[in-house]
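Presented below is the structure to which this report refers.
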Amino acid sequence: MSKFCITTPIYYVNDKPHVGHAYTTIAADVLARYHRLKGEDVFFLTGTDEHGLKILQNAEKAGQTPQAFCDENADAFIKLWESLNISYDNFIRTTDPVHEEAVKKAVITLNSKDLIYVGKYEGLYCVGCEQYKTTKELVDGKCSDHQKEPILLQEDCYFFKLSAFQDILLKLIDSNELIIDPLERRNEILGFLKTEKLEDISITRKKVKWGIKFPLDEEQTIYVWIDAFLNYLTGLGWQGDKEISKFWPADVQLMAKDILRVHATIWPAMLLALDMPLPKKIFAHGYFTFEGQKMSKSLGNVIDPIELINLFGADASRYLIVSACPFGQDGDISKNKLYDRYNSDLANNFGNLISRVFRLAERVEKFDFTPAEIFKEFIDKSWQDYHRAMKALALEDAVNIWVNLLNYINKNIETTKPWALKGESFNYTIYQLLLAIKNAALMVYPFMPEKCDSILKSLGLNLREKADNMAIIGSEDVKQKSSFDLTPSAPILRSEASIFESSEIKKPQSLPALFPRV
RNA sequence: CGCGGGGUAGAGCAGCUGGCAGCUCGUCAGGCCCAUAACCUGAAGGUCGGCGGUUCGAGUCCGCCCCCCGCAACCA
């Protein structure tokens with residue numbers, strides 16, 4: 001059985017989850033669910049990054065121990081993922097003792113390869129904040145919180161020889177042994193590696209007490225890089241030695257574009273240093289603006305995913321966020337756009353389609369199995385296009401293909417006018433429509449699992465119980481198309497059968513409006 | 001000359017390897033009556049940022065220019 005491993009970054013528990021976190025995670029979930037439907041052995045990893053000065057400071061501010069602070073904030077992520085039906089297989093936290101031990105072992109391994117050395121970290125230090133500032137954080141050369149110029153400060157710390165990996169990284173990315181997607185981001189990384197010199201990075205901090213103790217020097221804690229990146233291995237059960245999960249290397253590592261560069265340099269360099277395989281693909285998606293403006297806390301226009309769920313429900317929120325723009329590019333969200341899209345795609349098109357067909361189906365007297373004929377060609381083509389889109393991570397294309405299928409079905413209803421038919425031809429037509437709806441529901445299931453589940457249930461297919469590792473929608477390779485037999489007792493994979501011939505459905509139970517207009 | 005992305009109908013966007021300019025929403029006119037005032041059909045509306053070039057033919061390739069937006073390493 002082929003496997004599929006997908007990761008999101010681990011999110012910094014410094015703050016509440018916002019729509020950006022939700023975007024990455026929903027996209028990962030859509031892909032995980034899609035691959036499960038295809039019958040692959042899937043592992044979907046997400047989690048939280050919990051060390052560092054900011055956590056310590058905020059915990060103090062809140063009058064909590066750092067661990068209690070992390071527990072509370074990690075819980076906010078877990079809760080949000082629950083309410084969005086995120087089907088992760090593991091939620092890794094960097095304060096997990098197993099993770100910490102593995103990270104320490106990794107440091108020792110790196111040291112044994114002579115890739116760590118003592119040096120001086122130099123930076124602009126704000127005495128008021130008690131921390132180093134980047135030039136970007138400064139306003140007119142001053143700390144924005146304290147209105148004071150930071151002082152140049154040095155401290156001893158340990159470095160990782162990242163510079164040693166420049167040529168090999170360039171070669172691996174250039175040859176697509178390490179795929180970076182989308183193309184424009186890949187170009188950016190290649191340009192960077194060709195023109196700039198990769199510098200060694202400091203991997204410890206002396207002043208930061210909330211972190212994993214650096215095994216070579218107990219005075220120091222491990223800084224974010226080694227700690228956070230290794231979650232991708234420890235989250236799969238790695239304990240710091242040679243043995244590694246069957247799921248590694250990851251097939252796709254998703255992230256927002258802001259952290260692509262470090263994922264395309266520091267992270268693969270670490271893997272190379274540890275003699276571990278590199279991820280197959282690193283994919284960076286874009287940023288959202290809200291009504292044309294950059295989302296930021298100071299502008300107060302950050303979208304709270306919980307608010308979104310309250311407005312549209314979990315399924316529709318997932319759908320709306322993921323289909324807001326081409327995956328990989330920046331996009332803009334606005335309340336109006338969300339309402340528009342919800343009403344046109346989900347209420348008027350999908351929801352209404354189900355209502356009208358299910359109502360007609362109530363009149364069916366005899367419900368015999370008939371193979372799909374009317375829609376076969378179009379549905380077949382749609383699945384092919386859909387698989388191609390999903391493979392390319394073009395989530396918005398997959399959604400568009402689905403919408404086109406809905407349009408096609410709606411048009412067909414106008415021309416066949418089933419409400420005017422009687423007897424056999426009526427029964428037959430409705431059966432065909434239900435079959436088409438079943439395909440549509442399966443197609444969009446990865447995006448909207450809850451609603452689709454209820455649609456499929458009412459058509460006699462209990463997907464939930466076997467949604468894991470069930471070859472239900474076949475492969476993008478037409479020759480290997482799997483069974484489409486959705487009856488509860490169906491065998492897992494019947495590669496010979498056409499997805500339509502073996503398909504069978506029950507007369508639907510009527511449903512309340514799935515997507516009421518808003 | 002730092003790197004990258006973008007400028008296409010009233011609004012928001014698609015348009016890989018060049019071949020009669022598309023989608024969603026909105027507007028207008030019709031149809032249908034199974035359905036969530038929904039669905040279907042048709043119409044109006046664009047000199048595809050500007051200038052030049054390659055080509056039988058260019059949003060689509062090349063050059064220059066203008067404007068917008070990200071990134072520019074310790075921000076996860």
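Residue numbering restarts at 1 for every chain of the structure tokens, chains are lettered A, B, ... in their displayed order, and ligands are numbered from 1 as they appear.
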
Which of segment 95-333 of chain A DSSP labels alpha helix (DSSP H), written as a ChimeraX atom specification: /A:97-112,166-174,183-195,224-229,231-234,260-264,266-273,305-312,314-322

7 Å contact set for Asp304 of chain A, only C-alpha atoms (C1' of nucleotides), chain neighbours under 2 positions out, as a list in words: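 Surrounding residues, per the criterion: His18, Val19, Val302, Ile306, Glu307 and Leu308 of chain A.
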
Within 7 Å of chain B: residues of chain A, using only C-alpha atoms (C1' of nucleotides), as an MDAnalysis selection string: chainID A and resid 11:12 184 188 259 340 347:348 352:353 355:356 360 410:411 414 419 513 516:517

Distance criterion (only C-alpha atoms (C1' of nucleotides)): nearest to G15 of chain B out of B:C28, B:C48, B:C64, B:C56: B:C48

Polymer residues at most 10 Å from G49 of chain B, only C-alpha atoms (C1' of nucleotides), same-chain spacing of 5 or more positions, as a list of chain:residue names: B:G7, B:C66, B:C67

Filtering to all heavy atoms, could you give me those residues as a PDB file, in the first residue's frame?
ATOM      1  P     G B   7      -1.996  40.196 -13.226  1.00  0.00           P
ATOM      2  OP1   G B   7      -3.062  39.365 -13.787  1.00  0.00           O
ATOM      3  OP2   G B   7      -0.829  40.558 -14.087  1.00  0.00           O
ATOM      4  O5'   G B   7      -2.594  41.516 -12.604  1.00  0.00           O
ATOM      5  C5'   G B   7      -3.725  42.223 -13.023  1.00  0.00           C
ATOM      6  C4'   G B   7      -3.429  43.682 -12.908  1.00  0.00           C
ATOM      7  O4'   G B   7      -2.033  43.822 -12.587  1.00  0.00           O
ATOM      8  C3'   G B   7      -3.638  44.475 -14.194  1.00  0.00           C
ATOM      9  O3'   G B   7      -4.850  45.216 -14.151  1.00  0.00           O
ATOM     10  C2'   G B   7      -2.492  45.465 -14.245  1.00  0.00           C
ATOM     11  O2'   G B   7      -2.928  46.798 -13.963  1.00  0.00           O
ATOM     12  C1'   G B   7      -1.573  45.042 -13.095  1.00  0.00           C
ATOM     13  N9    G B   7      -0.165  44.925 -13.480  1.00  0.00           N
ATOM     14  C8    G B   7       0.601  43.790 -13.589  1.00  0.00           C
ATOM     15  N7    G B   7       1.843  44.028 -13.910  1.00  0.00           N
ATOM     16  C5    G B   7       1.910  45.408 -14.017  1.00  0.00           C
ATOM     17  C6    G B   7       2.990  46.264 -14.331  1.00  0.00           C
ATOM     18  O6    G B   7       4.158  45.964 -14.595  1.00  0.00           O
ATOM     19  N1    G B   7       2.619  47.604 -14.327  1.00  0.00           N
ATOM     20  C2    G B   7       1.357  48.058 -14.060  1.00  0.00           C
ATOM     21  N2    G B   7       1.176  49.386 -14.112  1.00  0.00           N
ATOM     22  N3    G B   7       0.325  47.284 -13.755  1.00  0.00           N
ATOM     23  C4    G B   7       0.680  45.978 -13.744  1.00  0.00           C
ATOM     24  P     C B  66      10.297  53.656 -14.674  1.00  0.00           P
ATOM     25  OP1   C B  66      10.901  54.802 -13.961  1.00  0.00           O
ATOM     26  OP2   C B  66      10.681  52.281 -14.312  1.00  0.00           O
ATOM     27  O5'   C B  66       8.711  53.783 -14.579  1.00  0.00           O
ATOM     28  C5'   C B  66       8.056  54.999 -14.899  1.00  0.00           C
ATOM     29  C4'   C B  66       6.565  54.844 -14.744  1.00  0.00           C
ATOM     30  O4'   C B  66       6.078  53.871 -15.710  1.00  0.00           O
ATOM     31  C3'   C B  66       6.116  54.268 -13.415  1.00  0.00           C
ATOM     32  O3'   C B  66       6.072  55.260 -12.401  1.00  0.00           O
ATOM     33  C2'   C B  66       4.731  53.743 -13.769  1.00  0.00           C
ATOM     34  O2'   C B  66       3.774  54.773 -13.856  1.00  0.00           O
ATOM     35  C1'   C B  66       4.985  53.151 -15.153  1.00  0.00           C
ATOM     36  N1    C B  66       5.342  51.724 -15.103  1.00  0.00           N
ATOM     37  C2    C B  66       4.314  50.788 -14.877  1.00  0.00           C
ATOM     38  O2    C B  66       3.155  51.196 -14.743  1.00  0.00           O
ATOM     39  N3    C B  66       4.618  49.474 -14.824  1.00  0.00           N
ATOM     40  C4    C B  66       5.884  49.075 -14.975  1.00  0.00           C
ATOM     41  N4    C B  66       6.138  47.770 -14.920  1.00  0.00           N
ATOM     42  C5    C B  66       6.944  50.004 -15.191  1.00  0.00           C
ATOM     43  C6    C B  66       6.629  51.302 -15.254  1.00  0.00           C
ATOM     44  P     C B  67       6.345  54.835 -10.892  1.00  0.00           P
ATOM     45  OP1   C B  67       6.437  56.075 -10.093  1.00  0.00           O
ATOM     46  OP2   C B  67       7.465  53.861 -10.878  1.00  0.00           O
ATOM     47  O5'   C B  67       5.017  54.059 -10.490  1.00  0.00           O
ATOM     48  C5'   C B  67       3.782  54.757 -10.384  1.00  0.00           C
ATOM     49  C4'   C B  67       2.674  53.772 -10.166  1.00  0.00           C
ATOM     50  O4'   C B  67       2.607  52.842 -11.294  1.00  0.00           O
ATOM     51  C3'   C B  67       2.839  52.841  -8.971  1.00  0.00           C
ATOM     52  O3'   C B  67       2.477  53.462  -7.747  1.00  0.00           O
ATOM     53  C2'   C B  67       1.889  51.712  -9.340  1.00  0.00           C
ATOM     54  O2'   C B  67       0.540  52.056  -9.146  1.00  0.00           O
ATOM     55  C1'   C B  67       2.173  51.569 -10.836  1.00  0.00           C
ATOM     56  N1    C B  67       3.217  50.562 -11.117  1.00  0.00           N
ATOM     57  C2    C B  67       2.869  49.217 -11.050  1.00  0.00           C
ATOM     58  O2    C B  67       1.700  48.908 -10.776  1.00  0.00           O
ATOM     59  N3    C B  67       3.812  48.270 -11.292  1.00  0.00           N
ATOM     60  C4    C B  67       5.057  48.637 -11.584  1.00  0.00           C
ATOM     61  N4    C B  67       5.949  47.679 -11.812  1.00  0.00           N
ATOM     62  C5    C B  67       5.437  50.004 -11.654  1.00  0.00           C
ATOM     63  C6    C B  67       4.498  50.934 -11.417  1.00  0.00           C
TER      64        C B  67
END

Non-local contacts of segment 201-215 of chain A (9 Å; only C-alpha atoms (C1' of nucleotides); under 6 positions in same chain excluded) as a ChimeraX atom specification: /A:50-53,55-56,66,95,100-101,103-105,107-108,116,119-121,130-131,155-163,221-227,266 /B:74

Residues flagged strand (DSSP E or B) by DSSP in segment 67-209 of chain A, as a count of residues only: 37

Pairwise distance for atom CA of Lys246 of chain A and atom CA of His285 of chain A, rounded to one decimal in Å: 26.6 Å

Separation of atom C1' of G18 of chain B from atom C1' of A58 of chain B, in Å and rounded to one decimal: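 Between atom C1' of G18 of chain B and atom C1' of A58 of chain B the gap works out to 5.9 Å.
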
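A straight line drawn from atom CA of Asp345 of chain A to atom CA of Ala420 of chain A is 26.8 Å long.
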